[in-house]
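Note sheet for the following structure.
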Amino acid sequence: MNKLKSTLGIIAIAFITLTVVSCKDNKKEQNNADGNHSEMSDDVDHSKMNHDNSDGHHDGEKKEMAMSGDGNSQAVLNDYFNLKDALVADDNAKAKTLGATLATTLENLEISSNFSDTQKTELKDIIEDAIEHAEHISKNEIDHQREHFKILSKDVTDMVAITGTENTVYQQFCPMYDGGSAWLSMSKDIKNPYYGSKMLHCGKVQKEIN
Amino acid sequence: MKILKIIAIILLVAFVGIQFIPTTRNQSDTVPKTDFMLVNTVPKTIQKKLQVSCYDCHSNNTQYPWYNKIQPAAWFLEDHIKEGKDELNFNEWDSLSSRRKASKLRSIIKQIEGKEMPLDSYTLIHTDAKFSKAEKEDMITFITQLKDSL
């Protein structure tokens, strides 16, 4: 009996070890990116990067006015702006929800037959890529969300270049995040989605898109 | 003592029992034309590294370790592989649009740079899958070049 017990014991231990070993998930992503940024921030003079934040106008106020329907690119833009605001507010949980919303909106986006074939293909590629980033945003912690938001922003910018926009959109740019990163906003004010409260006003308006 | 014996027997039966639950093996003899190595010019050393460190979970063919035959380890593996392939399948590389290729390459760089990939749980057993400092630099240089050439 003793022998049986020790054999079983050994099996159980071996088994638990293997289980633990094979499923130990990697959860230490968070710190890398953050560390770099704060180091960088010490060396850069921020006062030069503050632009246009004097009137305290909020994106949120304008957002309400934008059209919200589904199945069109304006809905994508709206969801994108909401997501951006969540990142500005350092709100990981909200960004997750909004990322998921954006992914759904993108999936339902119908490509109008008015576009040329090249544009259609381009839009299809953009949407496919954007969905993937939105999905990642819906599942990850904030540093990771911001990494994906950067590429998502490029996708959305390229989309707007084809579809156009009802309201004026501002392309803004933060030279510090990941070698320089752009995003879109409905307001001229700089509210940095890549740094949030850490460097809320870092960036400048790069372009007006009408 | 009796209780222990009963528990032991139950565990043993359960352990043997779950071995009969079938798992899907991620194995394939053919490498599709869309494979990353076939459509890109990849240096030998990089090829080898990708094969050893990435392809087990990011392609249609896994070199299974011995413990995969034992449950429940096999389930965890199956899960990892499924997730890995969903995210990126090197075998299907060329079916992606340029835009998505660029996105994927960017993610590859971030993941390797941030030591998020290969997973710790993987390199614990596959020690050769680990990236040395030089290997990491070479890989990132290569992937960056590829991304810029898109």
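A note on labels: chains of the structure tokens are A, B, ... as shown, every chain counts residues from 1, and ligands are counted from 1 in their shown order.
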Closest atom pairs, residues of chain B within 8 Å of chain A, only C-alpha atoms, as a tab-separated table:
```
residue	atom	partner	partner_atom	distance
B:Lys5	CA	A:Lys5	CA	7.6
B:Ala8	CA	A:Leu8	CA	6.8
B:Leu12	CA	A:Leu8	CA	7.4
B:Tyr67	CA	A:Leu18	CA	7.8
B:Pro72	CA	A:Thr19	CA	6.9
B:Ala73	CA	A:Thr19	CA	5.4
B:Phe76	CA	A:Cys23	CA	6.0
B:Leu77	CA	A:Ser22	CA	7.0
B:Ser97	CA	A:Asp125	CA	6.4
B:Arg99	CA	A:Asp125	CA	6.7
B:Arg100	CA	A:Asp129	CA	5.6
B:Ser103	CA	A:Ile151	CA	7.3
B:Gly114	CA	A:Asn32	CA	6.2
B:Lys115	CA	A:Glu29	CA	7.9
B:Glu116	CA	A:Glu29	CA	6.4
B:Leu119	CA	A:Asn26	CA	6.2
B:Asp120	CA	A:Asn26	CA	6.4
B:Ser121	CA	A:Lys24	CA	5.5
B:Tyr122	CA	A:Ser22	CA	7.2
B:Leu124	CA	A:Val21	CA	7.6
```
Generate the output file for the selected residues, C-alpha atoms, as a compact mmCIF listing (two decimals), in the first residue's frame.
```txt
# COMPACT_ATOMS: atom_id res chain seq x y z
CA LYS B 5 -6.50 5.45 -0.35
CA ALA B 8 -5.64 8.26 -4.46
CA LEU B 12 -5.59 7.71 -10.51
CA TYR B 67 4.77 15.68 -22.19
CA PRO B 72 -3.98 17.88 -18.88
CA ALA B 73 -0.70 19.32 -20.14
CA PHE B 76 -2.85 23.80 -22.16
CA LEU B 77 -0.60 23.31 -25.13
CA SER B 97 -2.41 42.57 -46.87
CA ARG B 99 -1.02 46.85 -44.04
CA ARG B 100 -1.58 43.84 -41.84
CA SER B 103 1.07 45.63 -38.19
CA GLY B 114 9.42 43.61 -24.39
CA LYS B 115 10.39 39.98 -23.70
CA GLU B 116 6.76 39.03 -23.94
CA LEU B 119 6.52 32.94 -23.46
CA ASP B 120 8.42 32.17 -20.28
CA SER B 121 6.45 28.97 -19.92
CA TYR B 122 7.76 27.93 -23.31
CA LEU B 124 11.46 27.10 -19.49
```
Near stretch 162-165 of chain A, counting only C-alpha atoms, which residues have an atom at most 8 Å away, once you skip same-chain residues fewer than 4 positions from it, shown as a ChimeraX atom specification? /A:73-74,119,123,158,169,209-210
Residues near A:Leu83, cut-off 7 Å, only C-alpha atoms, skip fewer than 3 positions along chain, as a list in words: Asp79, Tyr80, Ala86, Leu87, Ala95, Leu98 and Gly99 of chain A
Write a file of the just-selected residues containing N, CA, C and O atoms, as a PDB file, in the first residue's frame.
```pdb
ATOM      1  N   ASP A  79     -16.798  56.130 -32.439  1.00  0.00           N
ATOM      2  CA  ASP A  79     -16.292  55.122 -31.509  1.00  0.00           C
ATOM      3  C   ASP A  79     -14.802  55.335 -31.243  1.00  0.00           C
ATOM      4  O   ASP A  79     -14.330  55.158 -30.128  1.00  0.00           O
ATOM      5  N   TYR A  80     -14.113  55.687 -32.300  1.00  0.00           N
ATOM      6  CA  TYR A  80     -12.680  55.942 -32.159  1.00  0.00           C
ATOM      7  C   TYR A  80     -12.436  57.103 -31.189  1.00  0.00           C
ATOM      8  O   TYR A  80     -11.572  57.032 -30.311  1.00  0.00           O
ATOM      9  N   ALA A  86     -11.163  57.729 -23.534  1.00  0.00           N
ATOM     10  CA  ALA A  86     -10.928  56.800 -22.423  1.00  0.00           C
ATOM     11  C   ALA A  86      -9.434  56.673 -22.166  1.00  0.00           C
ATOM     12  O   ALA A  86      -8.993  56.617 -21.017  1.00  0.00           O
ATOM     13  N   LEU A  87      -8.646  56.653 -23.232  1.00  0.00           N
ATOM     14  CA  LEU A  87      -7.193  56.557 -23.063  1.00  0.00           C
ATOM     15  C   LEU A  87      -6.638  57.851 -22.479  1.00  0.00           C
ATOM     16  O   LEU A  87      -5.722  57.830 -21.653  1.00  0.00           O
ATOM     17  N   ALA A  95     -11.720  51.767 -21.851  1.00  0.00           N
ATOM     18  CA  ALA A  95     -11.093  51.589 -23.157  1.00  0.00           C
ATOM     19  C   ALA A  95     -11.337  50.176 -23.682  1.00  0.00           C
ATOM     20  O   ALA A  95     -11.526  49.971 -24.881  1.00  0.00           O
ATOM     21  N   LEU A  98     -14.886  50.124 -24.978  1.00  0.00           N
ATOM     22  CA  LEU A  98     -15.005  50.925 -26.191  1.00  0.00           C
ATOM     23  C   LEU A  98     -14.242  50.306 -27.355  1.00  0.00           C
ATOM     24  O   LEU A  98     -14.630  50.443 -28.510  1.00  0.00           O
ATOM     25  N   GLY A  99     -13.158  49.608 -27.031  1.00  0.00           N
ATOM     26  CA  GLY A  99     -12.416  48.884 -28.065  1.00  0.00           C
ATOM     27  C   GLY A  99     -13.310  47.828 -28.697  1.00  0.00           C
ATOM     28  O   GLY A  99     -13.359  47.658 -29.915  1.00  0.00           O
TER      29      GLY A  99
END
```
Neighbour list for stretch 46-56 of chain B as a list in words, cut-off 8 Å, only C-alpha atoms, skip fewer than 6 positions in-chain: Met37, Thr62, Gln63, Tyr64, Ile81, Phe90, Pro118, Asp128, Ala129, Lys130, Asp138 and Met139 of chain B
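Between A:Lys188 and the candidates A:Val205, A:Cys174, A:Ile142, A:Leu102, the tightest atom-to-atom separation, counting only C-alpha atoms, involves A:Val205.
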Atomic distance atom CA of B:Lys69 - atom CA of B:His126, expressed in Å with one decimal: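 Taking atom CA of B:Lys69 as the start and atom CA of B:His126 as the end point, the length is 16.6 Å.
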Using DSSP secondary structure from the backbone, list all alpha helix (DSSP H) positions within chain B, as a ChimeraX atom specification. /B:2-18,36-39,44-53,55-58,73-87,98-113,120-123,133-149
